Amino acid sequence: MKNHTHDASGKGLNRAKPYQLVLFPLNNGATNVYFVLILSYVAQFGSSILHLGIFASLMVTVMRVCDAITDPIIGAMMDRTSTRIGKFRPFMILGSVVMALSVIALYILLPLIPDTMMPARYVGFTVVYFIWVIGYTFQTSVTRAGQTVLTNDPNQRPMFTIFNTVGSLLGMGIMQFLIPLVKAMYDVKDAAGNVITSGYADPMVYRIITPIGIGISVLLTILAIIGIAEKDRPEFYGLGGKQENVKLSEYAQIIKANKPMQRLMVAGAGCKLALAIATNTTVLLALYGIVMGNYNSLYLPMMVLGYVCAVPFFLLSMRTSQKKGQRASLIRYVSVALICYVGVLVLLVVSDYGNPSLMLSFPFKGGGAINLYTILFILFFGVGYGAYYATADMPIPMVADCSDYETYRSGKYIPGIMGTMFSLVDKLVSSLAQTLVAFIFLACAGLSELPTDSTPYSMGIKVAVIVMFCIIPMLAWAATLLAMKGYTLTGAKMKEIQAVNATRKTAIEQGMSLEEAMERYQTMDQVPEQLRN
């Protein structure tokens with residue numbers, strides 16, 4: 001079989017074609033559709049439609065804890081998989097199908113169970129949600145693991161973050177834009193235009209958004225499959241040659257020895273927690289609809305503002321990653337977000353409900369003229385949100401670096417387990433976010449159910465919003481910076497790792513054993529000149 005591993009310059013790099021760099025990251029967009037459709041709304045759905053109270057929020061976390069068992073198993077399955085259509089595509093297809101069927105069962109079929117059969121609702125919610133989690137793991141783990149075959153070029157890999165975010169915007173952004181519009185159609189208002197019953201309490205909202213979400217996700221999945229198809233072949237797996245199967249019992253030892261992966265899991269958890277809390281539907285509803293008094297006039301403009309401000313930071317972060325490595329870029333822009341959110345925190349603390357000059361005001365759908373308070377909020381929030389949104393998914397391509405480091409360290413190619421271990425952290429944190437939201441509203445405002453835009457203002461709700469919109473993300477970013485302080489996979493180190501791995505692969509292709517290649521080539525000075533990056 002023809003060897004496609006080396007580039008035309010002979011430097012031993014596996015480079016992706018432009019269309020592959022653009023299309024494969026859409027896999028993350030496909031799963032982020034469900035991140036919004038399920039993780040952002042399932043607690044609201046369970047509380048308002050199924051009348052499960054706080055149980056729905058608790059189950060989101062409990063089910064993710066179960067992934068401590070299922071994730072490593074799925075990762076091991078992926079590492080051992082080799083089919084006619086590759087290693088990764090079967091999991092993308094299966095994950096997409098499982099999630100589509102389970103969300104139909106969750107949002108469309110479960111409400112058909114009468115409220116006289118509440119035990120059946122509890123059981124049905126638990127079972128269906130667990131099945132959805134399995135499908136989510138199948139597909140999300142491919143986003144991380146599949147990067148190892150897409151490209152190992154240190155200049156190309158940071159570009160994954162930009163295209164990954166574009167995919168996220170096509171999935172997450174479209175859903176975040178459409179769902180509130182659908183919800184507004186079903187709000188019940190009084191004569192003065194005040195919301196009496198939120199649209200989120202109407203089952204029809206979920207019946208509408210379910211097929212929309214499934215359609216967008218399936219389309220993005222198909223495009224992602226096209227993007228990875230040419231690279232999902234054995235010649236791109238690790239060092240080549242015969243790959244020894246790793247026993248499930250060995251994975252814990254591998255993760256223990258892979259120090260960069262440990263630190264990346266902490267950093268990824270910090271970035272994910274900040275994103276999950278700060279973009280949580282209920283938190284934003286409480287901020288713009290209750291604390292600031294006009295959800296319909298503020299939510300969409302502020303969401304658009306955040307995305308617009310993120311664009312320059314994506315370009316800056318990519319440039320920094322290519323010059324100094326992804327670690328340096330993550331540290332720089334998370335620091336910017338942390339500093340800016342000090343200003344956001346101060347503005348929320350001094351906000352005064354009933355005093356228009358100390359509240360957000362935007363001339364959109366019944367809002368007022370922009371005031372000084374709003375200008376300052378736009379400045380601090382825009383820069384801070386842009387910086388952290390540009391880095392929120394940066395740990396994803398860094399998982400591929402950690403996987404390449406493991407191949408460099410031990411000779412083992414195990415992208416499945418590396419991807420699912422990171423996916424486990426991703427899901428635990430995002431589910432913890434939903435439970436934190438419920439408990440913080442309970443602790444600060446005494447609410448046994450999640451608030452809606454018809455919930456009256458109280459100081460407790462304001463405190464809850466400040467904690468979740470500012471303080472928790474800031475603590476998460478601080479944890480990210482601390483973890484990255486000892487992260488050793490700098491830009492220079494990754495160039496050495498790729499050069500050594502390429503040299504070992506070439507030697508194995510020429511008949512050398514894996515063990516001998518691992519022993520002979522360990523540092524850059526042992527790499528032939530033509531393979532040095």
# chains A, B, ... in the order shown; residues from 1 in each chain; ligands from 1
$ select_by_dssp --residues "segment 262-486 of chain A" --states "helix (DSSP H, G or I)" --output "VMD selection string"
chain A and resid 262 to 278 281 to 291 295 to 324 326 to 350 356 to 358 372 to 392 395 to 410 415 to 445 459 to 485
$ closest_atom_pairs --of "segment 407-470 of chain A" --to "segment 85-89 of chain A" --cutoff "12 Å" --atoms "only C-alpha atoms" --output "CSV"
residue,atom,partner,partner_atom,distance
A:Ile414,CA,A:Lys87,CA,11.5
A:Pro415,CA,A:Phe88,CA,10.2
A:Gly416,CA,A:Phe88,CA,9.0
A:Gly419,CA,A:Phe88,CA,11.6
$ residues_around --residues "segment 213-230 of chain A" --least-positions-apart "4" --cutoff "7 Å" --atoms "only C-alpha atoms" --output "list of chain:residue names"
A:Tyr19, A:Gln20, A:Leu23, A:Phe24, A:Pro25, A:Leu26, A:Asn27, A:Gly29, A:Ala30, A:Thr31, A:Val33, A:Leu37, A:Arg89, A:Ser96, A:Ala100, A:Leu150, A:Gly171, A:Ile209
$ write_last_selection --atoms "N, CA, C and O atoms" --output "tab-separated table (two decimals), in the first residue's frame"
chain	number	residue	atom	x	y	z
A	19	TYR	N	-9.65	20.90	2.83
A	19	TYR	CA	-11.04	20.49	3.04
A	19	TYR	C	-11.16	19.56	4.24
A	19	TYR	O	-12.19	19.54	4.93
A	20	GLN	N	-10.10	18.78	4.52
A	20	GLN	CA	-10.13	17.89	5.68
A	20	GLN	C	-10.07	18.68	6.99
A	20	GLN	O	-10.76	18.35	7.96
A	23	LEU	N	-13.66	20.19	7.32
A	23	LEU	CA	-14.82	19.32	7.49
A	23	LEU	C	-14.77	18.45	8.74
A	23	LEU	O	-15.79	18.32	9.43
A	24	PHE	N	-13.63	17.85	9.06
A	24	PHE	CA	-13.63	16.92	10.21
A	24	PHE	C	-14.03	17.59	11.52
A	24	PHE	O	-14.78	17.00	12.32
A	25	PRO	N	-13.58	18.82	11.83
A	25	PRO	CA	-14.01	19.45	13.09
A	25	PRO	C	-15.51	19.65	13.21
A	25	PRO	O	-16.01	19.92	14.30
A	26	LEU	N	-16.25	19.53	12.09
A	26	LEU	CA	-17.70	19.64	12.17
A	26	LEU	C	-18.30	18.53	13.01
A	26	LEU	O	-19.46	18.62	13.43
A	27	ASN	N	-17.51	17.48	13.28
A	27	ASN	CA	-17.98	16.42	14.18
A	27	ASN	C	-18.28	16.99	15.56
A	27	ASN	O	-19.24	16.58	16.22
A	29	GLY	N	-19.16	20.09	16.06
A	29	GLY	CA	-20.39	20.85	15.88
A	29	GLY	C	-21.61	19.96	15.96
A	29	GLY	O	-22.65	20.35	16.53
A	30	ALA	N	-21.49	18.75	15.40
A	30	ALA	CA	-22.62	17.80	15.43
A	30	ALA	C	-22.98	17.42	16.85
A	30	ALA	O	-24.17	17.34	17.20
A	31	THR	N	-21.99	17.20	17.69
A	31	THR	CA	-22.28	16.83	19.08
A	31	THR	C	-22.66	18.05	19.92
A	31	THR	O	-23.42	17.93	20.88
A	33	VAL	N	-24.56	20.38	18.97
A	33	VAL	CA	-26.00	20.55	18.80
A	33	VAL	C	-26.71	19.95	20.00
A	33	VAL	O	-27.63	20.55	20.58
A	37	LEU	N	-29.11	21.21	22.94
A	37	LEU	CA	-30.43	20.61	22.92
A	37	LEU	C	-30.71	19.80	24.18
A	37	LEU	O	-31.82	19.81	24.72
A	89	ARG	N	-14.85	6.15	11.89
A	89	ARG	CA	-16.16	6.41	11.28
A	89	ARG	C	-17.29	5.55	11.85
A	89	ARG	O	-18.42	6.05	11.99
A	96	SER	N	-24.22	9.08	16.24
A	96	SER	CA	-25.25	9.95	15.68
A	96	SER	C	-26.63	9.30	15.72
A	96	SER	O	-27.62	9.94	16.08
A	100	ALA	N	-29.83	10.55	18.10
A	100	ALA	CA	-31.07	10.98	17.45
A	100	ALA	C	-32.27	10.23	18.00
A	100	ALA	O	-33.31	10.83	18.33
A	150	LEU	N	-5.53	12.92	11.39
A	150	LEU	CA	-5.81	14.05	10.48
A	150	LEU	C	-4.53	14.80	10.15
A	150	LEU	O	-4.21	15.04	8.98
A	171	GLY	N	-23.37	24.39	14.94
A	171	GLY	CA	-24.23	23.52	15.74
A	171	GLY	C	-24.80	24.23	16.95
A	171	GLY	O	-25.99	24.54	17.03
A	209	ILE	N	-38.04	21.78	18.33
A	209	ILE	CA	-36.59	21.89	18.29
A	209	ILE	C	-35.90	20.55	18.10
A	209	ILE	O	-34.76	20.50	17.64
$ closest_residue --among "A:Ala387, A:Met118, A:Ala145, A:Val336" --to "Gly53 of chain A" --atoms "only C-alpha atoms"
A:Met118
$ residues_around --residues "segment 463-478 of chain A" --least-positions-apart "4" --cutoff "7 Å" --atoms "only C-alpha atoms" --output "list in words"
Gly270, Cys271, Leu273, Ala274, Ile277, Ala278, Val283, Ala286, Leu287, Val334, Leu338, Tyr341, Leu345, Leu348, Ile440, Phe441, Cys444, Met459 and Leu482 of chain A
$ residues_around --residues "Gly135 of chain A" --least-positions-apart "6" --cutoff "8 Å" --atoms "only C-alpha atoms" --output "list in words"
Leu94, Gly95, Ser96, Val97, Val98 and Met99 of chain A
$ closest_atom_pairs --of "segment 255-298 of chain A" --to "segment 178-189 of chain A" --cutoff "10 Å" --atoms "only C-alpha atoms" --output "Markdown table"
| residue | atom | partner | partner_atom | distance |
| --- | --- | --- | --- | --- |
| A:Thr281 | CA | A:Pro180 | CA | 9.5 |
| A:Tyr295 | CA | A:Pro180 | CA | 9.8 |
| A:Asn296 | CA | A:Ala184 | CA | 8.1 |
$ write_last_selection --atoms "N, CA, C and O atoms" --output "PDB file, in the first residue's frame"
ATOM      1  N   THR A 281     -28.415  28.004  29.951  1.00  0.00           N
ATOM      2  CA  THR A 281     -29.664  28.667  29.586  1.00  0.00           C
ATOM      3  C   THR A 281     -30.339  29.340  30.769  1.00  0.00           C
ATOM      4  O   THR A 281     -30.784  30.493  30.689  1.00  0.00           O
ATOM      5  N   TYR A 295     -35.275  39.831  29.098  1.00  0.00           N
ATOM      6  CA  TYR A 295     -34.566  38.735  28.428  1.00  0.00           C
ATOM      7  C   TYR A 295     -34.638  38.873  26.906  1.00  0.00           C
ATOM      8  O   TYR A 295     -33.642  38.712  26.206  1.00  0.00           O
ATOM      9  N   ASN A 296     -35.825  39.168  26.393  1.00  0.00           N
ATOM     10  CA  ASN A 296     -36.020  39.211  24.938  1.00  0.00           C
ATOM     11  C   ASN A 296     -35.194  40.305  24.270  1.00  0.00           C
ATOM     12  O   ASN A 296     -34.755  40.158  23.130  1.00  0.00           O
TER      13      ASN A 296
END
$ residues_around --residues "Arg207 of chain A" --least-positions-apart "4" --cutoff "9 Å" --atoms "only C-alpha atoms" --output "tab-separated table (two decimals) with N, CA, C and O atoms, in the first residue's frame"
chain	number	residue	atom	x	y	z
A	104	ILE	N	-35.40	11.82	20.54
A	104	ILE	CA	-36.81	11.69	20.15
A	104	ILE	C	-37.60	11.06	21.29
A	104	ILE	O	-38.70	11.52	21.65
A	107	TYR	N	-37.71	13.86	24.38
A	107	TYR	CA	-38.47	15.10	24.25
A	107	TYR	C	-39.86	14.93	23.64
A	107	TYR	O	-40.73	15.77	23.83
A	108	ILE	N	-40.06	13.84	22.89
A	108	ILE	CA	-41.35	13.68	22.21
A	108	ILE	C	-42.19	12.56	22.81
A	108	ILE	O	-43.41	12.72	22.99
A	203	PRO	N	-44.80	21.63	25.91
A	203	PRO	CA	-44.17	20.49	25.23
A	203	PRO	C	-43.93	20.74	23.74
A	203	PRO	O	-43.02	20.14	23.15
A	211	PRO	N	-36.55	17.80	15.93
A	211	PRO	CA	-36.17	17.46	14.55
A	211	PRO	C	-35.20	18.46	13.93
A	211	PRO	O	-34.37	18.08	13.10
$ atom_distance --atom1 "atom CA of Ala269 of chain A" --atom2 "atom CA of Val429 of chain A"
6.2 Å
$ residues_around --residues "Phe125 of chain A" --least-positions-apart "5" --cutoff "12 Å" --atoms "only C-alpha atoms" --output "MDAnalysis selection string"
chainID A and resid 42:43 45:47 49:52 55:60 63 102:111 113 118:120 130:132
$ closest_residue --among "A:Asp190, A:Glu235, A:Asp393, A:Asp71" --to "Thr165 of chain A" --atoms "only C-alpha atoms"
A:Asp393
$ atom_distance --atom1 "atom CA of Phe362 of chain A" --atom2 "atom CA of Leu275 of chain A"
23.8 Å
$ atom_distance --atom1 "atom CA of Gln176 of chain A" --atom2 "atom CA of Met303 of chain A"
8.7 Å
$ closest_residue --among "A:Ala191, A:Val350, A:Ile461, A:Val36" --to "Ala445 of chain A" --atoms "only C-alpha atoms"
A:Ile461
$ closest_atom_pairs --of "segment 461-511 of chain A" --to "segment 519-526 of chain A" --cutoff "8 Å" --atoms "only C-alpha atoms" --output "JSON lines"
{"residue": "A:Glu496", "atom": "CA", "partner": "A:Met524", "partner_atom": "CA", "distance": 5.6}
{"residue": "A:Ala499", "atom": "CA", "partner": "A:Met524", "partner_atom": "CA", "distance": 7.0}
{"residue": "A:Val500", "atom": "CA", "partner": "A:Tyr521", "partner_atom": "CA", "distance": 6.3}
{"residue": "A:Thr503", "atom": "CA", "partner": "A:Tyr521", "partner_atom": "CA", "distance": 7.2}
{"residue": "A:Arg504", "atom": "CA", "partner": "A:Tyr521", "partner_atom": "CA", "distance": 6.5}
$ write_last_selection --atoms "all heavy atoms" --output "PDB file, in the first residue's frame"
ATOM      1  N   GLU A 496       9.935  18.245  18.487  1.00  0.00           N
ATOM      2  CA  GLU A 496      10.855  17.130  18.721  1.00  0.00           C
ATOM      3  C   GLU A 496      10.101  15.806  18.717  1.00  0.00           C
ATOM      4  O   GLU A 496      10.556  14.820  18.126  1.00  0.00           O
ATOM      5  CB  GLU A 496      11.579  17.309  20.058  1.00  0.00           C
ATOM      6  CG  GLU A 496      12.537  16.158  20.370  1.00  0.00           C
ATOM      7  CD  GLU A 496      13.249  16.325  21.691  1.00  0.00           C
ATOM      8  OE1 GLU A 496      12.575  16.743  22.668  1.00  0.00           O
ATOM      9  OE2 GLU A 496      14.446  16.041  21.765  1.00  0.00           O
ATOM     10  N   ALA A 499       9.171  14.772  15.190  1.00  0.00           N
ATOM     11  CA  ALA A 499      10.351  14.359  14.429  1.00  0.00           C
ATOM     12  C   ALA A 499      10.830  12.971  14.851  1.00  0.00           C
ATOM     13  O   ALA A 499      11.174  12.134  14.006  1.00  0.00           O
ATOM     14  CB  ALA A 499      11.464  15.387  14.604  1.00  0.00           C
ATOM     15  N   VAL A 500      10.856  12.718  16.151  1.00  0.00           N
ATOM     16  CA  VAL A 500      11.289  11.402  16.650  1.00  0.00           C
ATOM     17  C   VAL A 500      10.307  10.321  16.221  1.00  0.00           C
ATOM     18  O   VAL A 500      10.713   9.238  15.769  1.00  0.00           O
ATOM     19  CB  VAL A 500      11.440  11.438  18.186  1.00  0.00           C
ATOM     20  CG1 VAL A 500      11.653  10.029  18.736  1.00  0.00           C
ATOM     21  CG2 VAL A 500      12.599  12.336  18.592  1.00  0.00           C
ATOM     22  N   THR A 503      10.790   9.525  12.576  1.00  0.00           N
ATOM     23  CA  THR A 503      12.010   8.745  12.362  1.00  0.00           C
ATOM     24  C   THR A 503      11.795   7.286  12.738  1.00  0.00           C
ATOM     25  O   THR A 503      12.217   6.369  12.014  1.00  0.00           O
ATOM     26  CB  THR A 503      13.159   9.336  13.196  1.00  0.00           C
ATOM     27  OG1 THR A 503      13.338  10.714  12.854  1.00  0.00           O
ATOM     28  CG2 THR A 503      14.460   8.582  12.933  1.00  0.00           C
ATOM     29  N   ARG A 504      11.132   7.061  13.861  1.00  0.00           N
ATOM     30  CA  ARG A 504      10.846   5.689  14.280  1.00  0.00           C
ATOM     31  C   ARG A 504       9.952   4.985  13.268  1.00  0.00           C
ATOM     32  O   ARG A 504      10.160   3.812  12.935  1.00  0.00           O
ATOM     33  CB  ARG A 504      10.169   5.702  15.653  1.00  0.00           C
ATOM     34  CG  ARG A 504      11.075   6.116  16.806  1.00  0.00           C
ATOM     35  CD  ARG A 504      10.274   6.325  18.071  1.00  0.00           C
ATOM     36  NE  ARG A 504      11.117   6.638  19.219  1.00  0.00           N
ATOM     37  CZ  ARG A 504      10.645   7.015  20.414  1.00  0.00           C
ATOM     38  NH1 ARG A 504       9.329   7.132  20.595  1.00  0.00           N
ATOM     39  NH2 ARG A 504      11.479   7.259  21.410  1.00  0.00           N
TER      40      ARG A 504
END
